[in-house]
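Visitor: Let me give you the structure first, and then I'll get to my questions.
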Amino acid sequence: MSIFVIVCVVVVLIALVLLRLFKKPRVQEPYKVTQNIDPYKIGINEIDRMEDGKDFEMYLFRLFQCLGYGDAYKTQDSRDFGTDLVFTDREGYRNVIQAKRYAISNPVGLSAVQEVYSSMRFYRAKKSIVITSSKYTTSCEQLASYNGVKLLDRNDLIKMIELFKEQQHSKVKDIIEAEPYLSLDSWDDYRNNSKVIKKDRKAEKLIASGN
């Protein structure tokens, strides 16, 4: 009798293990954004579950409105020239923003910097910002540092959300409006010809050979 009980227990345990192995992981439902979006009810988990980048743009638009940026507006979905949001900061400077809702495993590349920087003149802005739910590639950070584009990554976004929910709106604005990291402080650095620039040697050889 005891052997039968032991066998039954072993069979049950094996069945439980197999059930756990073959059980499909629970998939979180996408977070659907409505016109009455409330930034106080949204955190990084909800942002990660948003269906596409447009939802993230709407969230940031409402967030900036709630922060008191009265003239903040979202650009049209097509032909936005690389800018998703526009606002005027506390010093009176117009800023353009590109929003990137990417997975943590998918860093933002340098095209985001190229697009938002080149859009500044179209929107008559003085500053440009990229905000992402992910991180940035090294080349993206490098290009941003040479062009004065401010990069706000996942950690910055989480901090902004936390401070916003704590009603510390001025501190959120401090993060948004902080000066970007710059690799060059002055155009005088361009007088230094010792900087090594990588060149396309294959192209030079083709030109030299006359092909």
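We name chains A, B, ... following the order of the structure tokens; residues begin at 1 in each chain, and ligands are numbered from 1 as shown.
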Based on DSSP run over this structure's backbone, return all residues of segment 54-125 of chain A in helix (DSSP H, G or I), as a list in words.
Guide: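 Across segment 54-125 of chain A, those assigned helix (DSSP H, G or I) are Lys54, Asp55, Phe56, Glu57, Met58, Tyr59, Leu60, Phe61, Arg62, Leu63, Phe64, Gln65, Cys66, Ser111, Ala112, Val113, Gln114, Glu115, Val116, Tyr117 and Ser118 of chain A.
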Visitor: Using only C-alpha atoms, determine which residues lie at most 8 Å from Ala99 of chain A, disregarding the query and same-chain residues fewer than 4 positions distant; provide the list as a list in words.
Guide: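 Counting only the stated atoms, we get Gly53, Phe56, Glu57, Asp84, Leu85, Val130, Ile131 and Thr132 of chain A.
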Visitor: Could the residues in this selection be written to a file with C-alpha atoms, as a JSON list (two decimals), in the first residue's frame?
Guide:
```
[["chain", "number", "residue", "atom", "x", "y", "z"],
["A", 53, "GLY", "CA", 4.64, 55.27, -30.21],
["A", 56, "PHE", "CA", 3.53, 57.54, -25.80],
["A", 57, "GLU", "CA", 3.37, 60.86, -27.63],
["A", 84, "ASP", "CA", 6.47, 64.95, -31.98],
["A", 85, "LEU", "CA", 5.96, 67.70, -29.37],
["A", 130, "VAL", "CA", 14.74, 63.11, -27.25],
["A", 131, "ILE", "CA", 12.74, 61.20, -24.60],
["A", 132, "THR", "CA", 12.71, 57.40, -24.59]]
```
Visitor: Tell me, as a PDB file with C-alpha atoms, in the first residue's frame, which residues lie within 12 Å of Phe87 of chain A, counting only C-alpha atoms; anything in the same chain fewer than 3 positions away does not count.
Guide:
```
ATOM      1  CA  LEU A  60       3.892  63.095 -22.952  1.00  0.00           C
ATOM      2  CA  PHE A  61       1.573  65.730 -24.439  1.00  0.00           C
ATOM      3  CA  ARG A  62      -0.809  65.426 -21.496  1.00  0.00           C
ATOM      4  CA  LEU A  63       2.091  65.290 -19.040  1.00  0.00           C
ATOM      5  CA  PHE A  64       3.515  68.555 -20.359  1.00  0.00           C
ATOM      6  CA  GLN A  65       0.093  70.172 -20.206  1.00  0.00           C
ATOM      7  CA  LEU A  67       3.156  70.433 -15.806  1.00  0.00           C
ATOM      8  CA  GLY A  68       1.902  73.860 -16.807  1.00  0.00           C
ATOM      9  CA  TYR A  69       3.461  74.267 -20.232  1.00  0.00           C
ATOM     10  CA  GLY A  70       0.505  76.184 -21.607  1.00  0.00           C
ATOM     11  CA  ASP A  71       1.598  76.330 -25.236  1.00  0.00           C
ATOM     12  CA  ALA A  72       2.655  72.663 -25.502  1.00  0.00           C
ATOM     13  CA  TYR A  73       1.229  70.953 -28.551  1.00  0.00           C
ATOM     14  CA  LYS A  74       1.528  67.670 -30.407  1.00  0.00           C
ATOM     15  CA  THR A  75       2.527  67.797 -34.065  1.00  0.00           C
ATOM     16  CA  THR A  83       9.335  66.433 -34.005  1.00  0.00           C
ATOM     17  CA  ASP A  84       6.474  64.955 -31.983  1.00  0.00           C
ATOM     18  CA  ARG A  90      10.420  78.695 -18.372  1.00  0.00           C
ATOM     19  CA  GLU A  91      13.143  80.847 -19.955  1.00  0.00           C
ATOM     20  CA  GLY A  92      10.970  81.499 -22.983  1.00  0.00           C
ATOM     21  CA  TYR A  93      12.825  79.208 -25.384  1.00  0.00           C
ATOM     22  CA  ARG A  94      10.911  76.973 -27.751  1.00  0.00           C
ATOM     23  CA  ASN A  95      11.837  73.273 -27.547  1.00  0.00           C
ATOM     24  CA  VAL A  96      11.178  70.380 -29.922  1.00  0.00           C
ATOM     25  CA  ILE A  97      10.850  66.795 -28.689  1.00  0.00           C
ATOM     26  CA  GLN A  98      11.056  63.440 -30.375  1.00  0.00           C
ATOM     27  CA  MET A 120      14.506  72.875 -35.020  1.00  0.00           C
ATOM     28  CA  TYR A 123       9.586  74.886 -35.722  1.00  0.00           C
ATOM     29  CA  ARG A 124      11.759  77.941 -34.938  1.00  0.00           C
ATOM     30  CA  ALA A 125      13.049  76.247 -31.800  1.00  0.00           C
ATOM     31  CA  LYS A 126      16.252  76.886 -29.889  1.00  0.00           C
ATOM     32  CA  LYS A 127      16.529  73.520 -28.102  1.00  0.00           C
ATOM     33  CA  SER A 128      15.908  69.875 -28.988  1.00  0.00           C
ATOM     34  CA  ILE A 129      15.192  66.845 -26.789  1.00  0.00           C
ATOM     35  CA  LYS A 173      10.779  70.764 -15.240  1.00  0.00           C
ATOM     36  CA  ILE A 176      13.429  68.499 -18.764  1.00  0.00           C
ATOM     37  CA  GLU A 177      15.068  71.913 -19.023  1.00  0.00           C
TER      38      GLU A 177
END
```
Visitor: Could you name the residues that touch segment 106-118 of chain A at 6 Å or less, counting only C-alpha atoms, but leaving out those on the same chain fewer than 5 positions away, as a ChimeraX atom specification?
Guide: /A:82-83,134-137,140
Visitor: Take the residues from that selection and write them out as a JSON list (two decimals), in the first residue's frame, keeping N, CA, C and O atoms.
Guide:
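Once written, result02.json looks like this:
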```
[["chain", "number", "residue", "atom", "x", "y", "z"],
["A", 82, "GLY", "N", 10.33, 65.20, -37.90],
["A", 82, "GLY", "CA", 11.20, 64.70, -36.84],
["A", 82, "GLY", "C", 10.86, 65.19, -35.46],
["A", 82, "GLY", "O", 11.58, 64.91, -34.50],
["A", 83, "THR", "N", 9.76, 65.92, -35.31],
["A", 83, "THR", "CA", 9.34, 66.43, -34.00],
["A", 83, "THR", "C", 7.94, 65.93, -33.67],
["A", 83, "THR", "O", 7.03, 66.00, -34.50],
["A", 134, "SER", "N", 13.56, 53.65, -23.30],
["A", 134, "SER", "CA", 14.67, 52.70, -23.39],
["A", 134, "SER", "C", 15.97, 53.42, -23.03],
["A", 134, "SER", "O", 16.01, 54.20, -22.09],
["A", 135, "LYS", "N", 17.02, 53.15, -23.77],
["A", 135, "LYS", "CA", 18.31, 53.81, -23.58],
["A", 135, "LYS", "C", 18.84, 54.20, -24.96],
["A", 135, "LYS", "O", 18.11, 54.08, -25.96],
["A", 136, "TYR", "N", 20.08, 54.69, -25.01],
["A", 136, "TYR", "CA", 20.64, 55.17, -26.27],
["A", 136, "TYR", "C", 21.92, 54.42, -26.64],
["A", 136, "TYR", "O", 22.65, 53.95, -25.77],
["A", 137, "THR", "N", 22.15, 54.32, -27.93],
["A", 137, "THR", "CA", 23.40, 53.72, -28.39],
["A", 137, "THR", "C", 24.54, 54.72, -28.13],
["A", 137, "THR", "O", 24.31, 55.92, -27.96],
["A", 140, "CYS", "N", 24.63, 57.42, -30.74],
["A", 140, "CYS", "CA", 23.56, 58.39, -30.54],
["A", 140, "CYS", "C", 23.96, 59.42, -29.48],
["A", 140, "CYS", "O", 23.80, 60.62, -29.66]]
```
Visitor: Taking into account only C-alpha atoms, which residue in the set A:Ser105, A:Asn36, A:Ser183, A:Gly43 is nearest to Met160 of chain A?
Guide: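 Of A:Ser105, A:Asn36, A:Ser183, A:Gly43, the one nearest Met160 of chain A is A:Gly43, counting only C-alpha atoms.
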Visitor: Which residues in segment 69-182 of chain A does DSSP call strand (DSSP E or B)? List them as a list in words.
Guide: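 These are the residues in question: Tyr73, Lys74, Leu85, Val86, Phe87, Thr88, Arg94, Asn95, Val96, Ile97, Gln98, Ala99, Lys100, Val108, Lys127, Ser128, Ile129, Val130, Ile131, Thr132, Tyr136, Lys150, Leu151 and Leu152 of chain A.
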Visitor: Please produce a file of the residues just selected, as an mmCIF file, in the first residue's frame, where the atoms kept are N, CA and C atoms.
Guide:
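out.cif was written with the following content:
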```cif
data_model
loop_
_atom_site.group_PDB
_atom_site.id
_atom_site.type_symbol
_atom_site.label_atom_id
_atom_site.label_comp_id
_atom_site.auth_asym_id
_atom_site.auth_seq_id
_atom_site.Cartn_x
_atom_site.Cartn_y
_atom_site.Cartn_z
ATOM 1 N N TYR A 73 2.144 71.575 -27.596
ATOM 2 C CA TYR A 73 1.229 70.953 -28.551
ATOM 3 C C TYR A 73 1.901 69.774 -29.239
ATOM 4 N N LYS A 74 1.063 68.856 -29.693
ATOM 5 C CA LYS A 74 1.528 67.670 -30.407
ATOM 6 C C LYS A 74 1.473 67.955 -31.906
ATOM 7 N N LEU A 85 6.525 66.715 -30.296
ATOM 8 C CA LEU A 85 5.958 67.699 -29.371
ATOM 9 C C LEU A 85 6.754 68.986 -29.429
ATOM 10 N N VAL A 86 6.065 70.097 -29.169
ATOM 11 C CA VAL A 86 6.701 71.404 -29.113
ATOM 12 C C VAL A 86 6.216 72.108 -27.846
ATOM 13 N N PHE A 87 7.137 72.770 -27.145
ATOM 14 C CA PHE A 87 6.731 73.535 -25.961
ATOM 15 C C PHE A 87 7.737 74.655 -25.716
ATOM 16 N N THR A 88 7.319 75.632 -24.923
ATOM 17 C CA THR A 88 8.196 76.732 -24.537
ATOM 18 C C THR A 88 8.564 76.573 -23.072
ATOM 19 N N ARG A 94 11.714 78.052 -27.176
ATOM 20 C CA ARG A 94 10.911 76.973 -27.751
ATOM 21 C C ARG A 94 11.764 75.714 -27.880
ATOM 22 N N ASN A 95 11.172 74.575 -27.498
ATOM 23 C CA ASN A 95 11.837 73.273 -27.547
ATOM 24 C C ASN A 95 11.070 72.330 -28.451
ATOM 25 N N VAL A 96 11.808 71.453 -29.152
ATOM 26 C CA VAL A 96 11.178 70.380 -29.922
ATOM 27 C C VAL A 96 11.576 69.047 -29.300
ATOM 28 N N ILE A 97 10.627 68.100 -29.316
ATOM 29 C CA ILE A 97 10.850 66.795 -28.689
ATOM 30 C C ILE A 97 10.531 65.677 -29.667
ATOM 31 N N GLN A 98 11.388 64.680 -29.685
ATOM 32 C CA GLN A 98 11.056 63.440 -30.375
ATOM 33 C C GLN A 98 10.881 62.368 -29.303
ATOM 34 N N ALA A 99 9.743 61.661 -29.351
ATOM 35 C CA ALA A 99 9.417 60.625 -28.360
ATOM 36 C C ALA A 99 9.671 59.251 -28.958
ATOM 37 N N LYS A 100 10.361 58.394 -28.201
ATOM 38 C CA LYS A 100 10.682 57.049 -28.658
ATOM 39 C C LYS A 100 10.269 56.021 -27.594
ATOM 40 N N VAL A 108 17.834 53.416 -28.657
ATOM 41 C CA VAL A 108 17.555 54.418 -29.681
ATOM 42 C C VAL A 108 18.849 54.766 -30.412
ATOM 43 N N LYS A 127 16.022 74.722 -28.759
ATOM 44 C CA LYS A 127 16.529 73.520 -28.102
ATOM 45 C C LYS A 127 15.806 72.277 -28.626
ATOM 46 N N SER A 128 16.497 71.141 -28.538
ATOM 47 C CA SER A 128 15.908 69.875 -28.988
ATOM 48 C C SER A 128 16.157 68.784 -27.962
ATOM 49 N N ILE A 129 15.161 67.894 -27.816
ATOM 50 C CA ILE A 129 15.192 66.845 -26.789
ATOM 51 C C ILE A 129 14.682 65.539 -27.385
ATOM 52 N N VAL A 130 15.275 64.433 -26.946
ATOM 53 C CA VAL A 130 14.735 63.108 -27.253
ATOM 54 C C VAL A 130 14.387 62.454 -25.919
ATOM 55 N N ILE A 131 13.182 61.900 -25.812
ATOM 56 C CA ILE A 131 12.740 61.198 -24.602
ATOM 57 C C ILE A 131 12.399 59.769 -24.991
ATOM 58 N N THR A 132 12.971 58.803 -24.270
ATOM 59 C CA THR A 132 12.706 57.402 -24.588
ATOM 60 C C THR A 132 12.412 56.591 -23.330
ATOM 61 N N TYR A 136 20.077 54.689 -25.011
ATOM 62 C CA TYR A 136 20.642 55.174 -26.269
ATOM 63 C C TYR A 136 21.916 54.419 -26.637
ATOM 64 N N LYS A 150 19.502 67.253 -26.078
ATOM 65 C CA LYS A 150 19.343 66.653 -24.755
ATOM 66 C C LYS A 150 18.702 65.279 -24.872
ATOM 67 N N LEU A 151 19.289 64.283 -24.192
ATOM 68 C CA LEU A 151 18.763 62.927 -24.194
ATOM 69 C C LEU A 151 18.230 62.567 -22.813
ATOM 70 N N LEU A 152 16.961 62.188 -22.755
ATOM 71 C CA LEU A 152 16.344 61.712 -21.519
ATOM 72 C C LEU A 152 16.019 60.240 -21.709
#
```
Visitor: Looking at only C-alpha atoms, which of A:Ser78, A:Glu141, A:Ile161, A:Gly148 is the one that sits closest to Tyr59 of chain A?
Guide: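 Distance minimum relative to Tyr59 of chain A lands on A:Ile161.
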Visitor: With distances taken over only C-alpha atoms, which of A:Ile44, A:Lys202, A:Met58, A:Asp89 is nearest to Val172 of chain A?
Guide: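 For Val172 of chain A, the nearest of the given residues is A:Asp89.
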Visitor: Out of A:Ala103, A:Ile47, A:Leu182, A:Ile42, which residue has the shortest atom-to-atom distance to Phe164 of chain A when counting only C-alpha atoms?
Guide: A:Ile42
Visitor: Expressed in Å to a single decimal, how great is the separation between atom CA of Glu179 of chain A and atom CA of Arg101 of chain A?
Guide: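 Spanning atom CA of Glu179 of chain A to atom CA of Arg101 of chain A is a straight-line distance of 22.6 Å.
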